[in-house]
>>> print(open('coords_35.pdb').read())   # PDB, C-alpha atoms (C1' of nucleotides)
ATOM      1  CA  MET J  50      48.425 -14.941  -2.986  1.00  0.00           C
ATOM      2  CA  ASP J  51      50.596 -15.110   0.123  1.00  0.00           C
ATOM      3  CA  VAL J  52      54.347 -14.851   0.600  1.00  0.00           C
ATOM      4  CA  LYS J  53      54.918 -18.571   0.658  1.00  0.00           C
ATOM      5  CA  GLU J  54      53.116 -19.146  -2.621  1.00  0.00           C
ATOM      6  CA  ALA J  55      54.938 -16.255  -4.269  1.00  0.00           C
ATOM      7  CA  VAL J  56      58.286 -17.565  -3.080  1.00  0.00           C
ATOM      8  CA  GLU J  57      57.573 -21.025  -4.505  1.00  0.00           C
ATOM      9  CA  ILE J  58      56.703 -19.487  -7.851  1.00  0.00           C
ATOM     10  CA  SER J  59      59.862 -17.400  -7.752  1.00  0.00           C
ATOM     11  CA  LYS J  60      61.935 -20.498  -7.061  1.00  0.00           C
ATOM     12  CA  CYS J  61      60.588 -22.079 -10.204  1.00  0.00           C
ATOM     13  CA  LEU J  62      61.368 -18.974 -12.212  1.00  0.00           C
ATOM     14  CA  SER J  63      64.888 -18.659 -10.825  1.00  0.00           C
ATOM     15  CA  ASN J  64      66.362 -21.026 -13.382  1.00  0.00           C
ATOM     16  CA  LYS J  65      67.109 -20.234 -17.000  1.00  0.00           C
ATOM     17  CA  THR J  66      65.562 -23.341 -18.516  1.00  0.00           C
ATOM     18  CA  ARG J  67      62.392 -23.095 -16.471  1.00  0.00           C
ATOM     19  CA  MET J  68      62.040 -19.430 -17.314  1.00  0.00           C
ATOM     20  CA  GLN J  69      62.446 -20.322 -20.987  1.00  0.00           C
ATOM     21  CA  ILE J  70      59.795 -23.000 -20.733  1.00  0.00           C
ATOM     22  CA  MET J  71      57.405 -20.292 -19.576  1.00  0.00           C
ATOM     23  CA  GLU J  72      58.352 -18.258 -22.634  1.00  0.00           C
ATOM     24  CA  TRP J  73      58.125 -21.161 -25.047  1.00  0.00           C
ATOM     25  CA  LEU J  74      54.668 -22.002 -23.789  1.00  0.00           C
ATOM     26  CA  ARG J  75      53.461 -18.474 -24.332  1.00  0.00           C
ATOM     27  CA  GLU J  76      53.420 -19.224 -28.072  1.00  0.00           C
ATOM     28  CA  PRO J  77      53.390 -22.993 -28.517  1.00  0.00           C
ATOM     29  CA  GLU J  78      52.776 -22.894 -32.287  1.00  0.00           C
ATOM     30  CA  LYS J  79      55.899 -20.835 -32.792  1.00  0.00           C
ATOM     31  CA  ASN J  80      58.143 -22.949 -30.611  1.00  0.00           C
ATOM     32  CA  PHE J  81      57.004 -26.514 -31.103  1.00  0.00           C
ATOM     33  CA  PRO J  82      56.026 -28.820 -33.948  1.00  0.00           C
ATOM     34  CA  PRO J  83      52.424 -29.969 -34.146  1.00  0.00           C
ATOM     35  CA  HIS J  84      51.909 -33.071 -32.091  1.00  0.00           C
ATOM     36  CA  VAL J  85      51.409 -36.489 -33.629  1.00  0.00           C
ATOM     37  CA  SER J  86      48.214 -37.275 -31.835  1.00  0.00           C
ATOM     38  CA  ILE J  87      46.537 -33.893 -31.374  1.00  0.00           C
ATOM     39  CA  ASP J  88      46.229 -31.115 -33.930  1.00  0.00           C
ATOM     40  CA  HIS J  89      45.837 -28.197 -31.518  1.00  0.00           C
ATOM     41  CA  PHE J  90      47.628 -26.631 -28.579  1.00  0.00           C
ATOM     42  CA  ASP J  91      44.594 -26.157 -26.346  1.00  0.00           C
ATOM     43  CA  ASP J  92      46.190 -28.199 -23.601  1.00  0.00           C
ATOM     44  CA  GLY J  93      49.674 -26.976 -24.298  1.00  0.00           C
ATOM     45  CA  VAL J  94      52.686 -28.948 -25.354  1.00  0.00           C
ATOM     46  CA  CYS J  95      53.703 -32.569 -24.941  1.00  0.00           C
ATOM     47  CA  ALA J  96      56.444 -33.094 -22.327  1.00  0.00           C
ATOM     48  CA  THR J  97      58.671 -34.871 -24.816  1.00  0.00           C
ATOM     49  CA  TYR J  98      58.863 -31.814 -27.052  1.00  0.00           C
ATOM     50  CA  ILE J  99      59.810 -29.627 -24.140  1.00  0.00           C
ATOM     51  CA  PHE J 100      62.425 -32.155 -23.125  1.00  0.00           C
ATOM     52  CA  GLU J 101      63.888 -32.250 -26.636  1.00  0.00           C
ATOM     53  CA  LYS J 102      64.002 -28.495 -27.001  1.00  0.00           C
ATOM     54  CA  SER J 103      65.620 -28.038 -23.607  1.00  0.00           C
ATOM     55  CA  ARG J 104      68.636 -30.275 -24.203  1.00  0.00           C
ATOM     56  CA  LEU J 105      68.569 -31.395 -20.606  1.00  0.00           C
ATOM     57  CA  SER J 106      67.882 -34.950 -19.488  1.00  0.00           C
ATOM     58  CA  GLN J 107      64.385 -36.403 -19.485  1.00  0.00           C
ATOM     59  CA  SER J 108      64.408 -36.838 -15.733  1.00  0.00           C
ATOM     60  CA  THR J 109      65.454 -33.257 -15.140  1.00  0.00           C
ATOM     61  CA  ILE J 110      62.705 -31.894 -17.343  1.00  0.00           C
ATOM     62  CA  SER J 111      60.166 -34.205 -15.770  1.00  0.00           C
ATOM     63  CA  ASN J 112      61.156 -32.806 -12.395  1.00  0.00           C
ATOM     64  CA  TYR J 113      60.991 -29.237 -13.654  1.00  0.00           C
ATOM     65  CA  LEU J 114      57.547 -29.684 -15.133  1.00  0.00           C
ATOM     66  CA  THR J 115      56.259 -31.372 -12.000  1.00  0.00           C
ATOM     67  CA  SER J 116      57.541 -28.606  -9.747  1.00  0.00           C
ATOM     68  CA  MET J 117      56.162 -25.953 -12.066  1.00  0.00           C
ATOM     69  CA  GLU J 118      52.791 -27.607 -11.936  1.00  0.00           C
ATOM     70  CA  LYS J 119      52.972 -27.982  -8.172  1.00  0.00           C
ATOM     71  CA  CYS J 120      53.487 -24.262  -7.622  1.00  0.00           C
ATOM     72  CA  GLY J 121      50.702 -23.509 -10.062  1.00  0.00           C
ATOM     73  CA  LEU J 122      52.652 -22.017 -12.954  1.00  0.00           C
ATOM     74  CA  LEU J 123      51.656 -24.817 -15.317  1.00  0.00           C
ATOM     75  CA  VAL J 124      48.579 -26.935 -15.843  1.00  0.00           C
ATOM     76  CA  MET J 125      48.988 -30.542 -16.880  1.00  0.00           C
ATOM     77  CA  THR J 126      46.519 -32.550 -18.928  1.00  0.00           C
ATOM     78  CA  ARG J 127      46.959 -36.205 -19.730  1.00  0.00           C
ATOM     79  CA  HIS J 128      45.980 -37.604 -23.095  1.00  0.00           C
ATOM     80  CA  GLY J 129      46.749 -41.288 -23.195  1.00  0.00           C
ATOM     81  CA  LYS J 130      50.417 -41.762 -22.614  1.00  0.00           C
ATOM     82  CA  TRP J 131      51.218 -38.102 -23.174  1.00  0.00           C
ATOM     83  CA  SER J 132      51.315 -35.290 -20.651  1.00  0.00           C
ATOM     84  CA  TYR J 133      50.581 -31.833 -21.971  1.00  0.00           C
ATOM     85  CA  PHE J 134      51.616 -28.684 -20.209  1.00  0.00           C
ATOM     86  CA  LYS J 135      50.339 -25.175 -20.634  1.00  0.00           C
ATOM     87  CA  ARG J 136      50.739 -21.906 -18.793  1.00  0.00           C
ATOM     88  CA  ASN J 137      48.352 -21.078 -15.996  1.00  0.00           C
ATOM     89  CA  GLU J 138      47.701 -17.486 -17.025  1.00  0.00           C
ATOM     90  CA  ALA J 139      45.497 -16.849 -14.003  1.00  0.00           C
ATOM     91  CA  ILE J 140      48.220 -17.518 -11.468  1.00  0.00           C
ATOM     92  CA  ILE J 141      50.823 -15.701 -13.521  1.00  0.00           C
ATOM     93  CA  THR J 142      48.638 -12.609 -13.494  1.00  0.00           C
ATOM     94  CA  GLU J 143      48.029 -13.014  -9.791  1.00  0.00           C
ATOM     95  CA  PHE J 144      51.760 -13.287  -9.146  1.00  0.00           C
ATOM     96  CA  ALA J 145      52.492 -10.232 -11.266  1.00  0.00           C
ATOM     97  CA  LYS J 146      49.926  -8.215  -9.342  1.00  0.00           C
ATOM     98  CA  TYR J 147      51.293  -9.456  -6.053  1.00  0.00           C
ATOM     99  CA  LEU J 148      54.674  -7.965  -6.876  1.00  0.00           C
ATOM    100  CA  LEU J 149      53.339  -4.536  -7.822  1.00  0.00           C
TER
ATOM    101  CA  MET D  70      64.185  -7.418 -20.153  1.00  0.00           C
ATOM    102  CA  ASP D  71      65.944 -10.624 -21.156  1.00  0.00           C
ATOM    103  CA  VAL D  72      65.893 -14.112 -19.641  1.00  0.00           C
ATOM    104  CA  LYS D  73      69.085 -13.640 -17.674  1.00  0.00           C
ATOM    105  CA  GLU D  74      67.874 -10.451 -16.022  1.00  0.00           C
ATOM    106  CA  ALA D  75      64.508 -12.007 -15.199  1.00  0.00           C
ATOM    107  CA  VAL D  76      66.182 -15.058 -13.673  1.00  0.00           C
ATOM    108  CA  GLU D  77      68.381 -12.887 -11.454  1.00  0.00           C
ATOM    109  CA  ILE D  78      65.326 -11.020 -10.230  1.00  0.00           C
ATOM    110  CA  SER D  79      63.542 -14.301  -9.577  1.00  0.00           C
ATOM    111  CA  LYS D  80      66.501 -15.562  -7.566  1.00  0.00           C
ATOM    112  CA  CYS D  81      66.215 -12.557  -5.311  1.00  0.00           C
ATOM    113  CA  LEU D  82      62.511 -13.127  -4.877  1.00  0.00           C
ATOM    114  CA  SER D  83      62.899 -16.831  -4.147  1.00  0.00           C
ATOM    115  CA  ASN D  84      63.525 -16.284  -0.458  1.00  0.00           C
ATOM    116  CA  LYS D  85      60.937 -15.457   2.142  1.00  0.00           C
ATOM    117  CA  THR D  86      62.805 -12.635   3.824  1.00  0.00           C
ATOM    118  CA  ARG D  87      63.754 -10.949   0.580  1.00  0.00           C
ATOM    119  CA  MET D  88      60.199 -11.229  -0.674  1.00  0.00           C
ATOM    120  CA  GLN D  89      59.012  -9.656   2.579  1.00  0.00           C
ATOM    121  CA  ILE D  90      61.474  -6.821   2.219  1.00  0.00           C
ATOM    122  CA  MET D  91      59.824  -6.038  -1.108  1.00  0.00           C
ATOM    123  CA  GLU D  92      56.476  -5.963   0.656  1.00  0.00           C
ATOM    124  CA  TRP D  93      57.669  -3.898   3.590  1.00  0.00           C
ATOM    125  CA  LEU D  94      59.117  -1.311   1.250  1.00  0.00           C
ATOM    126  CA  ARG D  95      55.860  -0.976  -0.618  1.00  0.00           C
ATOM    127  CA  GLU D  96      54.513   0.959   2.376  1.00  0.00           C
ATOM    128  CA  PRO D  97      57.481   2.195   4.402  1.00  0.00           C
ATOM    129  CA  GLU D  98      55.421   4.415   6.719  1.00  0.00           C
ATOM    130  CA  LYS D  99      53.347   1.439   7.801  1.00  0.00           C
ATOM    131  CA  ASN D 100      56.258  -0.897   8.394  1.00  0.00           C
ATOM    132  CA  PHE D 101      59.057   1.231   9.768  1.00  0.00           C
ATOM    133  CA  PRO D 102      59.520   3.978  12.331  1.00  0.00           C
ATOM    134  CA  PRO D 103      60.477   7.421  11.095  1.00  0.00           C
ATOM    135  CA  HIS D 104      64.196   7.729  10.770  1.00  0.00           C
ATOM    136  CA  VAL D 105      66.302   9.769  13.175  1.00  0.00           C
ATOM    137  CA  SER D 106      67.993  11.861  10.550  1.00  0.00           C
ATOM    138  CA  ILE D 107      65.382  12.186   7.810  1.00  0.00           C
ATOM    139  CA  ASP D 108      61.699  12.889   8.231  1.00  0.00           C
ATOM    140  CA  HIS D 109      60.471  11.360   4.951  1.00  0.00           C
ATOM    141  CA  PHE D 110      60.654   8.070   3.066  1.00  0.00           C
ATOM    142  CA  ASP D 111      61.508   9.511  -0.340  1.00  0.00           C
ATOM    143  CA  ASP D 112      64.642   7.429  -0.537  1.00  0.00           C
ATOM    144  CA  GLY D 113      63.159   4.457   1.231  1.00  0.00           C
ATOM    145  CA  VAL D 114      64.219   2.911   4.490  1.00  0.00           C
ATOM    146  CA  CYS D 115      67.504   2.809   6.362  1.00  0.00           C
ATOM    147  CA  ALA D 116      69.267  -0.569   6.190  1.00  0.00           C
ATOM    148  CA  THR D 117      69.422  -0.867   9.953  1.00  0.00           C
ATOM    149  CA  TYR D 118      65.639  -0.807  10.259  1.00  0.00           C
ATOM    150  CA  ILE D 119      65.304  -3.526   7.675  1.00  0.00           C
ATOM    151  CA  PHE D 120      67.931  -5.545   9.487  1.00  0.00           C
ATOM    152  CA  GLU D 121      66.134  -5.133  12.819  1.00  0.00           C
ATOM    153  CA  LYS D 122      62.752  -6.066  11.424  1.00  0.00           C
ATOM    154  CA  SER D 123      64.118  -9.124   9.637  1.00  0.00           C
ATOM    155  CA  ARG D 124      65.611 -10.818  12.682  1.00  0.00           C
ATOM    156  CA  LEU D 125      68.482 -12.129  10.600  1.00  0.00           C
ATOM    157  CA  SER D 126      72.107 -11.119  11.061  1.00  0.00           C
ATOM    158  CA  GLN D 127      73.405  -7.783   9.880  1.00  0.00           C
ATOM    159  CA  SER D 128      75.771  -9.404   7.387  1.00  0.00           C
ATOM    160  CA  THR D 129      73.003 -11.496   5.881  1.00  0.00           C
ATOM    161  CA  ILE D 130      70.756  -8.490   5.379  1.00  0.00           C
ATOM    162  CA  SER D 131      73.597  -6.461   3.971  1.00  0.00           C
ATOM    163  CA  ASN D 132      74.165  -9.231   1.429  1.00  0.00           C
ATOM    164  CA  TYR D 133      70.469  -9.413   0.630  1.00  0.00           C
ATOM    165  CA  LEU D 134      70.156  -5.698   0.066  1.00  0.00           C
ATOM    166  CA  THR D 135      73.258  -5.603  -2.085  1.00  0.00           C
ATOM    167  CA  SER D 136      72.071  -8.459  -4.297  1.00  0.00           C
ATOM    168  CA  MET D 137      68.616  -6.919  -4.561  1.00  0.00           C
ATOM    169  CA  GLU D 138      70.164  -3.676  -5.670  1.00  0.00           C
ATOM    170  CA  LYS D 139      72.474  -5.445  -8.106  1.00  0.00           C
ATOM    171  CA  CYS D 140      69.583  -7.127  -9.918  1.00  0.00           C
ATOM    172  CA  GLY D 141      67.708  -3.844  -9.993  1.00  0.00           C
ATOM    173  CA  LEU D 142      64.883  -4.566  -7.568  1.00  0.00           C
ATOM    174  CA  LEU D 143      66.033  -1.903  -5.122  1.00  0.00           C
ATOM    175  CA  VAL D 144      67.620   1.509  -5.392  1.00  0.00           C
ATOM    176  CA  MET D 145      70.116   2.592  -2.788  1.00  0.00           C
ATOM    177  CA  THR D 146      70.793   6.156  -1.711  1.00  0.00           C
ATOM    178  CA  ARG D 147      73.466   7.111   0.768  1.00  0.00           C
ATOM    179  CA  HIS D 148      72.918   9.851   3.293  1.00  0.00           C
ATOM    180  CA  GLY D 149      75.983  10.230   5.424  1.00  0.00           C
ATOM    181  CA  LYS D 150      76.621   6.963   7.153  1.00  0.00           C
ATOM    182  CA  TRP D 151      73.193   5.588   6.338  1.00  0.00           C
ATOM    183  CA  SER D 152      72.113   3.602   3.295  1.00  0.00           C
ATOM    184  CA  TYR D 153      68.496   3.907   2.283  1.00  0.00           C
ATOM    185  CA  PHE D 154      66.727   1.400   0.127  1.00  0.00           C
ATOM    186  CA  LYS D 155      63.542   1.759  -1.848  1.00  0.00           C
ATOM    187  CA  ARG D 156      61.755  -0.304  -4.459  1.00  0.00           C
ATOM    188  CA  ASN D 157      62.569   0.246  -8.101  1.00  0.00           C
ATOM    189  CA  GLU D 158      58.987   0.313  -9.338  1.00  0.00           C
ATOM    190  CA  ALA D 159      60.067   0.626 -12.959  1.00  0.00           C
ATOM    191  CA  ILE D 160      61.926  -2.675 -13.037  1.00  0.00           C
ATOM    192  CA  ILE D 161      59.236  -4.424 -11.015  1.00  0.00           C
ATOM    193  CA  THR D 162      56.676  -3.396 -13.594  1.00  0.00           C
ATOM    194  CA  GLU D 163      58.970  -4.472 -16.387  1.00  0.00           C
ATOM    195  CA  PHE D 164      59.471  -7.854 -14.745  1.00  0.00           C
ATOM    196  CA  ALA D 165      55.746  -8.331 -14.236  1.00  0.00           C
ATOM    197  CA  LYS D 166      55.106  -7.546 -17.902  1.00  0.00           C
ATOM    198  CA  TYR D 167      57.863  -9.888 -18.961  1.00  0.00           C
ATOM    199  CA  LEU D 168      56.094 -12.774 -17.264  1.00  0.00           C
ATOM    200  CA  LEU D 169      52.725 -12.112 -18.864  1.00  0.00           C
TER
ATOM    201  C1'  DT N  66      92.480  12.698  15.781  1.00  0.00           C
ATOM    202  C1'  DA N  67      90.019   9.050  17.911  1.00  0.00           C
ATOM    203  C1'  DC N  68      85.872   6.890  18.871  1.00  0.00           C
ATOM    204  C1'  DA N  69      81.253   5.150  17.803  1.00  0.00           C
ATOM    205  C1'  DC N  70      78.000   3.752  14.709  1.00  0.00           C
ATOM    206  C1'  DA N  71      76.468   2.025   9.990  1.00  0.00           C
ATOM    207  C1'  DT N  72      77.522  -0.908   6.465  1.00  0.00           C
ATOM    208  C1'  DA N  73      80.361  -4.134   3.720  1.00  0.00           C
ATOM    209  C1'  DT N  74      83.268  -8.020   3.117  1.00  0.00           C
ATOM    210  C1'  DC N  75      85.437 -12.490   4.357  1.00  0.00           C
ATOM    211  C1'  DG N  76      85.668 -17.252   5.440  1.00  0.00           C
ATOM    212  C1'  DA N  77      83.255 -21.122   7.049  1.00  0.00           C
ATOM    213  C1'  DT N  78      79.761 -24.562   7.152  1.00  0.00           C
ATOM    214  C1'  DA N  79      74.968 -26.221   6.676  1.00  0.00           C
ATOM    215  C1'  DA N  80      71.199 -26.558   3.663  1.00  0.00           C
ATOM    216  C1'  DT N  81      69.184 -26.565  -0.768  1.00  0.00           C
ATOM    217  C1'  DT N  82      69.119 -27.085  -5.712  1.00  0.00           C
ATOM    218  C1'  DG N  83      70.781 -28.905 -10.253  1.00  0.00           C
ATOM    219  C1'  DT N  84      71.435 -32.584 -12.825  1.00  0.00           C
ATOM    220  C1'  DC N  85      72.338 -37.057 -14.248  1.00  0.00           C
ATOM    221  C1'  DG N  86      71.765 -42.191 -15.248  1.00  0.00           C
ATOM    222  C1'  DA N  87      69.229 -46.046 -13.833  1.00  0.00           C
ATOM    223  C1'  DT N  88      65.013 -47.879 -12.975  1.00  0.00           C
ATOM    224  C1'  DA N  89      59.997 -48.001 -12.133  1.00  0.00           C
ATOM    225  C1'  DT N  90      55.419 -47.030 -13.711  1.00  0.00           C
ATOM    226  C1'  DT N  91      51.805 -46.101 -16.919  1.00  0.00           C
ATOM    227  C1'  DT N  92      49.471 -46.746 -21.178  1.00  0.00           C
ATOM    228  C1'  DG N  93      48.554 -47.928 -26.032  1.00  0.00           C
ATOM    229  C1'  DC N  94      49.036 -51.227 -29.497  1.00  0.00           C
ATOM    230  C1'  DA N  95      50.778 -55.467 -32.215  1.00  0.00           C
TER
ATOM    231  C1'  DT F 133      49.644 -60.766 -23.127  1.00  0.00           C
ATOM    232  C1'  DG F 134      53.884 -58.586 -23.844  1.00  0.00           C
ATOM    233  C1'  DC F 135      56.604 -55.006 -25.911  1.00  0.00           C
ATOM    234  C1'  DA F 136      57.595 -50.122 -26.770  1.00  0.00           C
ATOM    235  C1'  DA F 137      57.035 -45.380 -25.912  1.00  0.00           C
ATOM    236  C1'  DA F 138      56.129 -41.624 -22.494  1.00  0.00           C
ATOM    237  C1'  DT F 139      56.676 -40.117 -18.036  1.00  0.00           C
ATOM    238  C1'  DA F 140      57.892 -40.393 -13.094  1.00  0.00           C
ATOM    239  C1'  DT F 141      60.813 -41.569  -9.335  1.00  0.00           C
ATOM    240  C1'  DC F 142      65.208 -42.794  -6.995  1.00  0.00           C
ATOM    241  C1'  DG F 143      69.827 -42.275  -5.435  1.00  0.00           C
ATOM    242  C1'  DA F 144      73.977 -39.924  -6.015  1.00  0.00           C
ATOM    243  C1'  DC F 145      77.072 -36.190  -6.272  1.00  0.00           C
ATOM    244  C1'  DA F 146      78.339 -31.414  -7.802  1.00  0.00           C
ATOM    245  C1'  DA F 147      77.176 -26.741  -7.558  1.00  0.00           C
ATOM    246  C1'  DT F 148      74.923 -23.009  -5.469  1.00  0.00           C
ATOM    247  C1'  DT F 149      72.729 -20.530  -1.744  1.00  0.00           C
ATOM    248  C1'  DA F 150      71.798 -19.424   3.235  1.00  0.00           C
ATOM    249  C1'  DT F 151      73.538 -17.749   7.056  1.00  0.00           C
ATOM    250  C1'  DC F 152      76.566 -16.740  10.623  1.00  0.00           C
ATOM    251  C1'  DG F 153      80.399 -14.448  13.398  1.00  0.00           C
ATOM    252  C1'  DA F 154      84.440 -11.912  12.864  1.00  0.00           C
ATOM    253  C1'  DT F 155      86.535  -8.233  10.925  1.00  0.00           C
ATOM    254  C1'  DA F 156      87.276  -4.352   7.731  1.00  0.00           C
ATOM    255  C1'  DT F 157      85.829   0.016   5.845  1.00  0.00           C
ATOM    256  C1'  DG F 158      83.538   4.323   5.708  1.00  0.00           C
ATOM    257  C1'  DT F 159      81.667   8.454   7.954  1.00  0.00           C
ATOM    258  C1'  DG F 160      80.132  11.902  11.313  1.00  0.00           C
ATOM    259  C1'  DT F 161      81.146  13.973  15.672  1.00  0.00           C
ATOM    260  C1'  DA F 162      83.226  14.846  20.415  1.00  0.00           C
TER
END
>>> encode(input="coords_35.pdb", output="structure tokens")
Amino acid sequence: MDVKEAVEISKCLSNKTRMQIMEWLREPEKNFPPHVSIDHFDDGVCATYIFEKSRLSQSTISNYLTSMEKCGLLVMTRHGKWSYFKRNEAIITEFAKYLL
Amino acid sequence: MDVKEAVEISKCLSNKTRMQIMEWLREPEKNFPPHVSIDHFDDGVCATYIFEKSRLSQSTISNYLTSMEKCGLLVMTRHGKWSYFKRNEAIITEFAKYLL
DNA sequence: TACACATATCGATAATTGTCGATATTTGCA
DNA sequence: TGCAAATATCGACAATTATCGATATGTGTA
């Protein structure tokens, strides 16, 4: 990981809601209801649930999730009309090591 | 560590120069000359050296260092008219764990 | 005490980010 | 095929951050 990458990740984390999303996604079962169409959390959580929990607007959360995926913090998987997001543990570990 | 604290730390890290300062201070002997008045790096590096290496203005670096100390990333020690800054490894570790 | 050097603070302005509502796009289903 | 739900994008404006030069404050020394 280089400085630029680490700075982009830090930018994503430098906002309360985005930081909380990272926390929420650490334990999806505890923070979100089971999804209508899928009975597991293997691909994370549906964007709508994150949007509802956040209490911010849909467009804001869509932007957040996109930027978090762009910097590598999240992985997105599409299932039909739903987008699922989960933590990218590999890059989180890499980032943590980079700081030490 | 709580969300608020982690977000403040992230804000400090979300800037290239500040991120580099964290790197530079990981190995002071490799990145800075020995200081005129002290022959060790036990308390870190003199603010002037950081300012010179950064190529930003003195006021900007002074602000950076102050905010980095305020959020806990750096520890400042005064020796006469000089301020020395070093990494606060404890909080960095705590932050890294918080993310995982 | 007065000067010189190190650092901090102030005030300004440019640049970036936060956040929204409106609208566009994608996709499944009646 | 056409509507409805999920998500993405756009354009706008407010809020925050970046960064500077000027100046103030603190501190050691001639």
>>> resolve_selection(input="coords_35.pdb", expression="the PyMOL selection byres ((chain D) within 12 of (chain J))", output="number ranges by chain")
D: 71-96, 142, 156-169
>>> calpha_fit_and_write(input="coords_35.pdb", fixed="chain D", moving="chain J", output="short mmCIF file (atom, residue, chain, number, x, y, z; two decimals) with C-alpha atoms, in the coordinates of the input")
data_model
loop_
_atom_site.label_atom_id
_atom_site.label_comp_id
_atom_site.auth_asym_id
_atom_site.auth_seq_id
_atom_site.Cartn_x
_atom_site.Cartn_y
_atom_site.Cartn_z
CA MET J 50 64.20 -7.42 -20.17
CA ASP J 51 65.94 -10.64 -21.17
CA VAL J 52 65.89 -14.11 -19.65
CA LYS J 53 69.07 -13.64 -17.69
CA GLU J 54 67.87 -10.46 -16.03
CA ALA J 55 64.51 -12.01 -15.21
CA VAL J 56 66.18 -15.05 -13.70
CA GLU J 57 68.38 -12.88 -11.47
CA ILE J 58 65.33 -11.02 -10.24
CA SER J 59 63.55 -14.29 -9.60
CA LYS J 60 66.50 -15.55 -7.58
CA CYS J 61 66.21 -12.55 -5.32
CA LEU J 62 62.50 -13.11 -4.89
CA SER J 63 62.89 -16.82 -4.17
CA ASN J 64 63.53 -16.28 -0.48
CA LYS J 65 60.93 -15.46 2.15
CA THR J 66 62.81 -12.63 3.83
CA ARG J 67 63.74 -10.95 0.58
CA MET J 68 60.19 -11.23 -0.67
CA GLN J 69 59.00 -9.65 2.58
CA ILE J 70 61.47 -6.81 2.22
CA MET J 71 59.82 -6.03 -1.11
CA GLU J 72 56.46 -5.97 0.65
CA TRP J 73 57.66 -3.90 3.59
CA LEU J 74 59.11 -1.32 1.24
CA ARG J 75 55.85 -0.98 -0.62
CA GLU J 76 54.52 0.96 2.38
CA PRO J 77 57.49 2.19 4.41
CA GLU J 78 55.43 4.41 6.74
CA LYS J 79 53.35 1.45 7.81
CA ASN J 80 56.25 -0.90 8.40
CA PHE J 81 59.05 1.23 9.77
CA PRO J 82 59.53 3.97 12.35
CA PRO J 83 60.47 7.43 11.11
CA HIS J 84 64.20 7.74 10.78
CA VAL J 85 66.30 9.77 13.18
CA SER J 86 67.98 11.87 10.57
CA ILE J 87 65.39 12.19 7.81
CA ASP J 88 61.68 12.89 8.21
CA HIS J 89 60.48 11.35 4.94
CA PHE J 90 60.67 8.07 3.07
CA ASP J 91 61.50 9.49 -0.35
CA ASP J 92 64.65 7.42 -0.54
CA GLY J 93 63.17 4.46 1.24
CA VAL J 94 64.23 2.91 4.49
CA CYS J 95 67.50 2.81 6.38
CA ALA J 96 69.27 -0.58 6.20
CA THR J 97 69.42 -0.86 9.97
CA TYR J 98 65.65 -0.80 10.28
CA ILE J 99 65.30 -3.52 7.69
CA PHE J 100 67.93 -5.54 9.50
CA GLU J 101 66.13 -5.14 12.83
CA LYS J 102 62.75 -6.06 11.44
CA SER J 103 64.11 -9.11 9.65
CA ARG J 104 65.64 -10.81 12.70
CA LEU J 105 68.49 -12.11 10.60
CA SER J 106 72.11 -11.10 11.06
CA GLN J 107 73.42 -7.75 9.87
CA SER J 108 75.76 -9.37 7.39
CA THR J 109 73.01 -11.47 5.89
CA ILE J 110 70.75 -8.49 5.39
CA SER J 111 73.59 -6.45 3.98
CA ASN J 112 74.16 -9.20 1.45
CA TYR J 113 70.47 -9.43 0.63
CA LEU J 114 70.14 -5.71 0.07
CA THR J 115 73.25 -5.60 -2.08
CA SER J 116 72.06 -8.45 -4.28
CA MET J 117 68.62 -6.92 -4.56
CA GLU J 118 70.16 -3.68 -5.67
CA LYS J 119 72.46 -5.46 -8.10
CA CYS J 120 69.57 -7.13 -9.92
CA GLY J 121 67.71 -3.85 -9.99
CA LEU J 122 64.87 -4.57 -7.57
CA LEU J 123 66.03 -1.91 -5.13
CA VAL J 124 67.61 1.51 -5.41
CA MET J 125 70.12 2.58 -2.80
CA THR J 126 70.80 6.15 -1.72
CA ARG J 127 73.48 7.11 0.75
CA HIS J 128 72.91 9.85 3.28
CA GLY J 129 75.97 10.21 5.44
CA LYS J 130 76.61 6.96 7.18
CA TRP J 131 73.19 5.57 6.33
CA SER J 132 72.12 3.59 3.29
CA TYR J 133 68.51 3.90 2.27
CA PHE J 134 66.74 1.39 0.12
CA LYS J 135 63.56 1.74 -1.85
CA ARG J 136 61.74 -0.30 -4.45
CA ASN J 137 62.56 0.22 -8.09
CA GLU J 138 58.98 0.30 -9.34
CA ALA J 139 60.08 0.62 -12.96
CA ILE J 140 61.93 -2.68 -13.03
CA ILE J 141 59.25 -4.43 -11.02
CA THR J 142 56.68 -3.40 -13.60
CA GLU J 143 58.99 -4.47 -16.39
CA PHE J 144 59.48 -7.86 -14.75
CA ALA J 145 55.75 -8.32 -14.25
CA LYS J 146 55.11 -7.55 -17.90
CA TYR J 147 57.87 -9.89 -18.96
CA LEU J 148 56.10 -12.78 -17.27
CA LEU J 149 52.71 -12.12 -18.86
#
>>> interface_residues(input="coords_35.pdb", of="chain N", to="chain J", cutoff="10 Å", atoms="only C-alpha atoms (C1' of nucleotides)", output="PyMOL selection string")
chain N and resi 82-86+91-93
>>> interface_residues(input="coords_35.pdb", of="chain F", to="chain D", cutoff="10 Å", atoms="all atoms listed in the file", output="ChimeraX atom specification")
/F:149-153,158-160
>>> closest_residue(input="coords_35.pdb", among="F:DA140, F:DA154, F:DA162, F:DA146", to="N:DT90", atoms="all atoms listed in the file")
F:DA140
>>> resolve_selection(input="coords_35.pdb", expression="the PyMOL selection byres ((chain D and resi 147) around 12)", output="MDAnalysis selection string")
(chainID D and resid 107 112:116 144:146 148:155) or (chainID N and resid 71:72) or (chainID F and resid 158:159)
>>> atom_distance(input="coords_35.pdb", atom1="atom CA of J:Arg104", atom2="atom C1' of F:DA144")
21.3 Å
>>> atom_distance(input="coords_35.pdb", atom1="atom C1' of F:DT139", atom2="atom CA of J:Thr115")
10.6 Å
>>> atom_distance(input="coords_35.pdb", atom1="atom CA of D:Phe110", atom2="atom CA of D:Glu98")
7.4 Å
